[in-house]
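The structure appears right after this line, and notes come after that.
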Amino acid sequence: MDPVALARDLLRCPSVTPAEGGALGLIAHVLEGAGFTVHRVTFAEPGTAPVENLYARIGTMGPHLVFAGHTDVVPPGEEAKWSHPPFAGEIVEGTLYGRGAVDMKGAVACALAATLDHLAARGDEPEGSISFLITGDEESIAVNGTVKLLQWAAERGEKFDHCILGEPSNAAQIGDTIKVGRRGSLNGTLVITGKQGHVAYPERADNPVRGLVTLMSALMAVPLDHGSAQFSASNLEFTSIDIGNPVVNLIPGEARARFNIRFNDCHSQVSLKTLIESRAADAARGRVRWHIDWEPSNADSFVAEPGAFVDLVSAAIKEVTGTAPALSTTGGTSDARFIKTYCPVLEFGLVGQTMHQVDERTALADLAMLTDIYRNILGRYFA
Ligand SMILES: [Zn+2]
């Protein structure tokens with residue numbers, strides 16, 4: 001099956017989170033036609049927009065391979081800046097343009113095409129089970145999407161053996177990279193409390209800026225670790241200093257600095273907080289009044305164990321492209337952080353270069369090659 005027409009139809013669905021835009025309806029139609037049992041489930045909670053999701057399965061036996069992904073997209077931004085309208089699915093000189101072309105409607109289309117080919121070659125009967133777990137809530141706050149869809153599936157008794165998440169994992173060309181893990185992410189605000197006063201009488205005040213500079217310097221001075229077998233070093237980055245003092249003759253009473261930490265498997269959130277707070281306490285030496293407000297995070301680091309599944313996918317890629325992929329843990333977080341609780345997951349999709357950009361696009365040749373690779377994976381998985 002040609003993935004191009006399918007990708008193009010998906011790109012024409014304006015599914016900016018939380019809008020479904022017709023994208024899941026289209027996928028449901030394709031999968032029902034191929035014999036899948038399709039469920040469309042809407043999740044909601046107070047204060048958030050309800051979001052549609054889709055789960056479809058064919059087969060009742062193991063092994064059970066699930067393709068995960070999302071059909072929601074980030075907004076196009078200023079449409080006038082696009083060479084081709086973001087929701088038109090225009091093809092020009094072998095390139096398909098549109099919001100979601102690589103992140104990640106293109107890969108969803110390739111997985112659908114490969115699966116339909118695989119089933120047709122098998123006389124429409126899978127050797128095990130194939131599922132699609134497609135959410136409409138990945139690009140925004142990700143609360144009414146994969147997290148709840150996985151819980152819903154587990155309550156129905158669904159058990160997955162392996163998952164391929166079709167995020168744009170490749171850096172420069174199809175097949176160069178599989179993402180086998182992700183760093184965790186944690187946000188905090190360092191708060192220094194001083195005493196407000198007239199700038200001409202500093203002895204009567206306690207300027208929190210001094211303490212802020214001291215603690216920030218200390219937290220930036222020493223690396224959090226030196227990396228691990230599959231991860232680069234964890235990193236703390238201050239992103240904002242907030243004092244909000246509009247006048248020149250006032251020593252402020254409080255100073256804040258926000259930071260983000262991308263962390264590897266040397267740490268848990270708890271151990272990381274302990275480490276940061278002990279470094280801050282050492283630097284404060286009892287003279288700076290400080291505390292850290294930590295934001296809740298659902299993004300722990302994780303890594304897929306090297307083994308048969310990673311080897312199988314690597315071999316399938318190498319057979320199609322001629323080159324073995326690199327195994328990487330770089331980049332931001334993804335829904336893989338939720339899936340990993342249920343089954344081993346790796347990420348392999350299109351080339352990420354234009355994701356979230358004006359003129360997001362993919363070469364038609366890349367769609368063909370990714371479909372080949374997914375077909376090859378299915379062939380090996382159910383051999
Ligand atoms: Zn994505």
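Ordering of the structure tokens sets the chain letters (A, B, ...); residue numbers start at 1 within each chain; ligands are numbered from 1 in the order shown.
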Nearby residues, ligand 1, 6 Å, only C-alpha atoms and all ligand atoms, as a VMD selection string: chain A and resid 103 to 104 167
Strand (DSSP E) per DSSP on the backbone: members of segment 208-365 of chain A, as JSON, numbers by chain: {"A": [235, 236, 237, 238, 239, 240, 241, 242, 250, 251, 254, 255, 256, 257, 258, 259, 260, 261, 262, 263, 289, 290, 291, 292, 293, 294, 302, 303, 326, 327, 328, 345, 346, 347, 361, 362, 363]}
Could you dump the residues just selected with N, CA and C atoms as an mmCIF file, in the first residue's frame?
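Written out: out10.cif:
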data_model
loop_
_atom_site.group_PDB
_atom_site.id
_atom_site.type_symbol
_atom_site.label_atom_id
_atom_site.label_comp_id
_atom_site.auth_asym_id
_atom_site.auth_seq_id
_atom_site.Cartn_x
_atom_site.Cartn_y
_atom_site.Cartn_z
ATOM 1 N N ASN A 235 22.304 17.602 32.967
ATOM 2 C CA ASN A 235 22.602 19.033 32.875
ATOM 3 C C ASN A 235 21.536 19.871 33.566
ATOM 4 N N LEU A 236 22.021 20.838 34.370
ATOM 5 C CA LEU A 236 21.130 21.822 34.976
ATOM 6 C C LEU A 236 21.334 23.142 34.243
ATOM 7 N N GLU A 237 20.242 23.738 33.814
ATOM 8 C CA GLU A 237 20.331 24.989 33.064
ATOM 9 C C GLU A 237 19.379 26.006 33.683
ATOM 10 N N PHE A 238 19.901 27.146 34.152
ATOM 11 C CA PHE A 238 19.021 28.219 34.605
ATOM 12 C C PHE A 238 18.389 28.881 33.388
ATOM 13 N N THR A 239 17.083 29.133 33.458
ATOM 14 C CA THR A 239 16.372 29.660 32.293
ATOM 15 C C THR A 239 15.816 31.056 32.530
ATOM 16 N N SER A 240 15.778 31.491 33.775
ATOM 17 C CA SER A 240 15.231 32.821 34.035
ATOM 18 C C SER A 240 15.625 33.286 35.430
ATOM 19 N N ILE A 241 15.947 34.564 35.554
ATOM 20 C CA ILE A 241 16.165 35.182 36.869
ATOM 21 C C ILE A 241 15.072 36.220 37.047
ATOM 22 N N ASP A 242 14.328 36.112 38.128
ATOM 23 C CA ASP A 242 13.145 36.963 38.295
ATOM 24 C C ASP A 242 13.212 37.703 39.622
ATOM 25 N N LEU A 250 15.637 50.689 45.542
ATOM 26 C CA LEU A 250 15.077 49.716 46.485
ATOM 27 C C LEU A 250 15.851 48.395 46.405
ATOM 28 N N ILE A 251 16.278 47.924 47.540
ATOM 29 C CA ILE A 251 16.811 46.560 47.595
ATOM 30 C C ILE A 251 15.613 45.621 47.691
ATOM 31 N N GLU A 254 13.019 39.699 47.728
ATOM 32 C CA GLU A 254 13.085 38.300 47.311
ATOM 33 C C GLU A 254 13.651 38.223 45.895
ATOM 34 N N ALA A 255 14.378 37.152 45.613
ATOM 35 C CA ALA A 255 14.911 36.942 44.267
ATOM 36 C C ALA A 255 14.729 35.475 43.899
ATOM 37 N N ARG A 256 14.388 35.230 42.632
ATOM 38 C CA ARG A 256 14.098 33.864 42.186
ATOM 39 C C ARG A 256 14.862 33.546 40.917
ATOM 40 N N ALA A 257 15.183 32.278 40.744
ATOM 41 C CA ALA A 257 15.780 31.822 39.480
ATOM 42 C C ALA A 257 15.168 30.478 39.119
ATOM 43 N N ARG A 258 14.691 30.379 37.892
ATOM 44 C CA ARG A 258 14.081 29.123 37.440
ATOM 45 C C ARG A 258 15.118 28.289 36.704
ATOM 46 N N PHE A 259 14.985 26.980 36.831
ATOM 47 C CA PHE A 259 15.937 26.112 36.130
ATOM 48 C C PHE A 259 15.255 24.829 35.678
ATOM 49 N N ASN A 260 15.879 24.195 34.699
ATOM 50 C CA ASN A 260 15.435 22.879 34.212
ATOM 51 C C ASN A 260 16.626 21.932 34.265
ATOM 52 N N ILE A 261 16.344 20.694 34.643
ATOM 53 C CA ILE A 261 17.396 19.668 34.642
ATOM 54 C C ILE A 261 16.991 18.558 33.680
ATOM 55 N N ARG A 262 17.852 18.219 32.733
ATOM 56 C CA ARG A 262 17.674 17.017 31.912
ATOM 57 C C ARG A 262 18.615 15.978 32.488
ATOM 58 N N PHE A 263 18.034 14.869 32.962
ATOM 59 C CA PHE A 263 18.864 13.943 33.729
ATOM 60 C C PHE A 263 18.821 12.526 33.172
ATOM 61 N N ARG A 289 19.128 32.664 53.201
ATOM 62 C CA ARG A 289 17.825 32.010 53.395
ATOM 63 C C ARG A 289 17.278 31.609 52.024
ATOM 64 N N TRP A 290 17.131 30.321 51.840
ATOM 65 C CA TRP A 290 16.755 29.844 50.495
ATOM 66 C C TRP A 290 15.812 28.654 50.606
ATOM 67 N N HIS A 291 15.057 28.408 49.549
ATOM 68 C CA HIS A 291 14.388 27.122 49.359
ATOM 69 C C HIS A 291 14.159 26.906 47.867
ATOM 70 N N ILE A 292 13.828 25.677 47.519
ATOM 71 C CA ILE A 292 13.553 25.377 46.111
ATOM 72 C C ILE A 292 12.118 24.885 45.984
ATOM 73 N N ASP A 293 11.366 25.515 45.084
ATOM 74 C CA ASP A 293 10.028 25.006 44.735
ATOM 75 C C ASP A 293 10.190 24.064 43.543
ATOM 76 N N TRP A 294 9.911 22.791 43.751
ATOM 77 C CA TRP A 294 10.007 21.809 42.657
ATOM 78 C C TRP A 294 8.652 21.658 41.994
ATOM 79 N N PHE A 302 14.551 6.879 31.174
ATOM 80 C CA PHE A 302 14.421 5.432 31.020
ATOM 81 C C PHE A 302 15.258 5.015 29.826
ATOM 82 N N VAL A 303 15.582 3.733 29.788
ATOM 83 C CA VAL A 303 16.298 3.207 28.634
ATOM 84 C C VAL A 303 15.847 1.772 28.411
ATOM 85 N N ALA A 326 22.347 4.116 14.776
ATOM 86 C CA ALA A 326 22.884 4.438 16.096
ATOM 87 C C ALA A 326 21.764 4.308 17.120
ATOM 88 N N LEU A 327 22.107 3.891 18.322
ATOM 89 C CA LEU A 327 21.133 3.821 19.422
ATOM 90 C C LEU A 327 21.330 5.064 20.280
ATOM 91 N N SER A 328 20.287 5.875 20.394
ATOM 92 C CA SER A 328 20.445 7.196 21.009
ATOM 93 C C SER A 328 19.453 7.421 22.144
ATOM 94 N N VAL A 345 9.813 -0.348 24.785
ATOM 95 C CA VAL A 345 9.426 0.580 23.708
ATOM 96 C C VAL A 345 10.680 1.197 23.114
ATOM 97 N N LEU A 346 10.678 1.342 21.808
ATOM 98 C CA LEU A 346 11.707 2.144 21.158
ATOM 99 C C LEU A 346 11.034 3.072 20.162
ATOM 100 N N GLU A 347 11.778 4.095 19.770
ATOM 101 C CA GLU A 347 11.209 5.105 18.881
ATOM 102 C C GLU A 347 11.943 5.077 17.549
ATOM 103 N N ARG A 361 8.148 19.131 6.428
ATOM 104 C CA ARG A 361 8.026 18.351 5.186
ATOM 105 C C ARG A 361 8.806 17.058 5.270
ATOM 106 N N THR A 362 8.434 16.130 4.385
ATOM 107 C CA THR A 362 9.174 14.877 4.263
ATOM 108 C C THR A 362 9.306 14.520 2.790
ATOM 109 N N ALA A 363 10.433 13.906 2.461
ATOM 110 C CA ALA A 363 10.602 13.387 1.101
ATOM 111 C C ALA A 363 9.684 12.183 0.928
#
Within 9 Å of Ala113 of chain A using only C-alpha atoms, minus same-chain residues under 5 positions, as a PyMOL selection string: chain A and resi 1-3+6+108+118+371+374-375
Selection: 9 Å around Ser334 of chain A, only C-alpha atoms, excl. self and same-chain fewer than 5 positions, as a VMD selection string: chain A and resid 138 167 182 299
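Take the candidates A:Asp282, A:Asp372, A:Asp161, A:Asp137 and check each one against Thr214 of chain A using only C-alpha atoms; the shortest distance goes to A:Asp282.
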Test item: residues at most 9 Å from Glu305 of chain A, only C-alpha atoms, excluding those fewer than 2 positions along its chain, as a PyMOL selection string: chain A and resi 180+303+307+310+344
Nearest candidate to Val73 of chain A (options A:Glu139, A:Asp206, A:Glu52, A:Glu295; using only C-alpha atoms):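 Looking at the shortest contact to Val73 of chain A, the residue is A:Glu139.
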Contacts of segment 120-131 of chain A at 6 Å (only C-alpha atoms; same-chain gap of 2+ positions) as an mmCIF file with N, CA, C and O atoms, in the first residue's frame:
data_model
loop_
_atom_site.group_PDB
_atom_site.id
_atom_site.type_symbol
_atom_site.label_atom_id
_atom_site.label_comp_id
_atom_site.auth_asym_id
_atom_site.auth_seq_id
_atom_site.Cartn_x
_atom_site.Cartn_y
_atom_site.Cartn_z
ATOM 1 N N ALA A 56 -6.850 0.192 18.356
ATOM 2 C CA ALA A 56 -7.347 -0.817 17.418
ATOM 3 C C ALA A 56 -6.446 -2.038 17.467
ATOM 4 O O ALA A 56 -5.228 -1.922 17.603
ATOM 5 N N ARG A 57 -7.061 -3.218 17.364
ATOM 6 C CA ARG A 57 -6.276 -4.455 17.439
ATOM 7 C C ARG A 57 -6.807 -5.464 16.433
ATOM 8 O O ARG A 57 -8.014 -5.550 16.199
ATOM 9 N N ILE A 58 -5.877 -6.220 15.874
ATOM 10 C CA ILE A 58 -6.265 -7.386 15.080
ATOM 11 C C ILE A 58 -5.504 -8.577 15.637
ATOM 12 O O ILE A 58 -4.330 -8.464 15.989
ATOM 13 N N GLY A 59 -6.193 -9.717 15.756
ATOM 14 C CA GLY A 59 -5.576 -10.910 16.332
ATOM 15 C C GLY A 59 -5.902 -11.023 17.807
ATOM 16 O O GLY A 59 -6.276 -10.037 18.458
ATOM 17 N N THR A 60 -5.798 -12.241 18.320
ATOM 18 C CA THR A 60 -6.085 -12.460 19.743
ATOM 19 C C THR A 60 -4.896 -13.098 20.457
ATOM 20 O O THR A 60 -4.846 -13.132 21.684
ATOM 21 N N MET A 61 -3.944 -13.608 19.681
ATOM 22 C CA MET A 61 -2.832 -14.351 20.273
ATOM 23 C C MET A 61 -1.608 -13.443 20.445
ATOM 24 O O MET A 61 -1.570 -12.329 19.951
ATOM 25 N N GLY A 62 -0.587 -13.969 21.150
ATOM 26 C CA GLY A 62 0.709 -13.313 21.189
ATOM 27 C C GLY A 62 1.573 -13.853 20.072
ATOM 28 O O GLY A 62 1.202 -14.868 19.468
ATOM 29 N N PRO A 63 2.694 -13.246 19.793
ATOM 30 C CA PRO A 63 3.147 -11.979 20.386
ATOM 31 C C PRO A 63 2.334 -10.788 19.906
ATOM 32 O O PRO A 63 1.693 -10.850 18.875
ATOM 33 N N HIS A 64 2.378 -9.743 20.718
ATOM 34 C CA HIS A 64 1.540 -8.567 20.484
ATOM 35 C C HIS A 64 2.426 -7.333 20.298
ATOM 36 O O HIS A 64 3.066 -6.865 21.230
ATOM 37 N N LEU A 65 2.466 -6.869 19.057
ATOM 38 C CA LEU A 65 3.259 -5.679 18.730
ATOM 39 C C LEU A 65 2.329 -4.484 18.570
ATOM 40 O O LEU A 65 1.319 -4.572 17.873
ATOM 41 N N VAL A 66 2.662 -3.379 19.230
ATOM 42 C CA VAL A 66 1.812 -2.193 19.136
ATOM 43 C C VAL A 66 2.588 -1.037 18.498
ATOM 44 O O VAL A 66 3.727 -0.771 18.862
ATOM 45 N N ASP A 117 -0.057 -4.147 4.223
ATOM 46 C CA ASP A 117 0.727 -5.000 3.311
ATOM 47 C C ASP A 117 1.042 -6.341 3.964
ATOM 48 O O ASP A 117 0.922 -7.399 3.352
ATOM 49 N N HIS A 118 1.479 -6.268 5.217
ATOM 50 C CA HIS A 118 1.852 -7.474 5.959
ATOM 51 C C HIS A 118 0.662 -8.431 6.069
ATOM 52 O O HIS A 118 0.788 -9.629 5.822
ATOM 53 N N PHE A 382 6.967 -11.468 13.273
ATOM 54 C CA PHE A 382 5.960 -12.544 13.241
ATOM 55 C C PHE A 382 6.451 -13.748 12.419
ATOM 56 O O PHE A 382 5.647 -14.556 11.979
#
Nearest residue to Pro252 of chain A from the set A:Ala153, A:Ala7, A:Val199, A:Leu272 (distances using only C-alpha atoms): A:Val199
Nearest-residue call for Gly286 of chain A, choices A:Met369, A:Leu215, A:Ala5, A:Val51, using only C-alpha atoms: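 Smallest distance to Gly286 of chain A is found for A:Leu215.
The smallest atom-to-atom distance between Leu149 of chain A and any of A:Ile27, A:Val102, A:Ile134, A:Ile91, using only C-alpha atoms, is found for A:Ile134.
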Atom pair atom CA of Ala218 of chain A / atom CA of Ala283 of chain A: separation (Å):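 We find that atom CA of Ala218 of chain A and atom CA of Ala283 of chain A lie 6.3 Å from each other.
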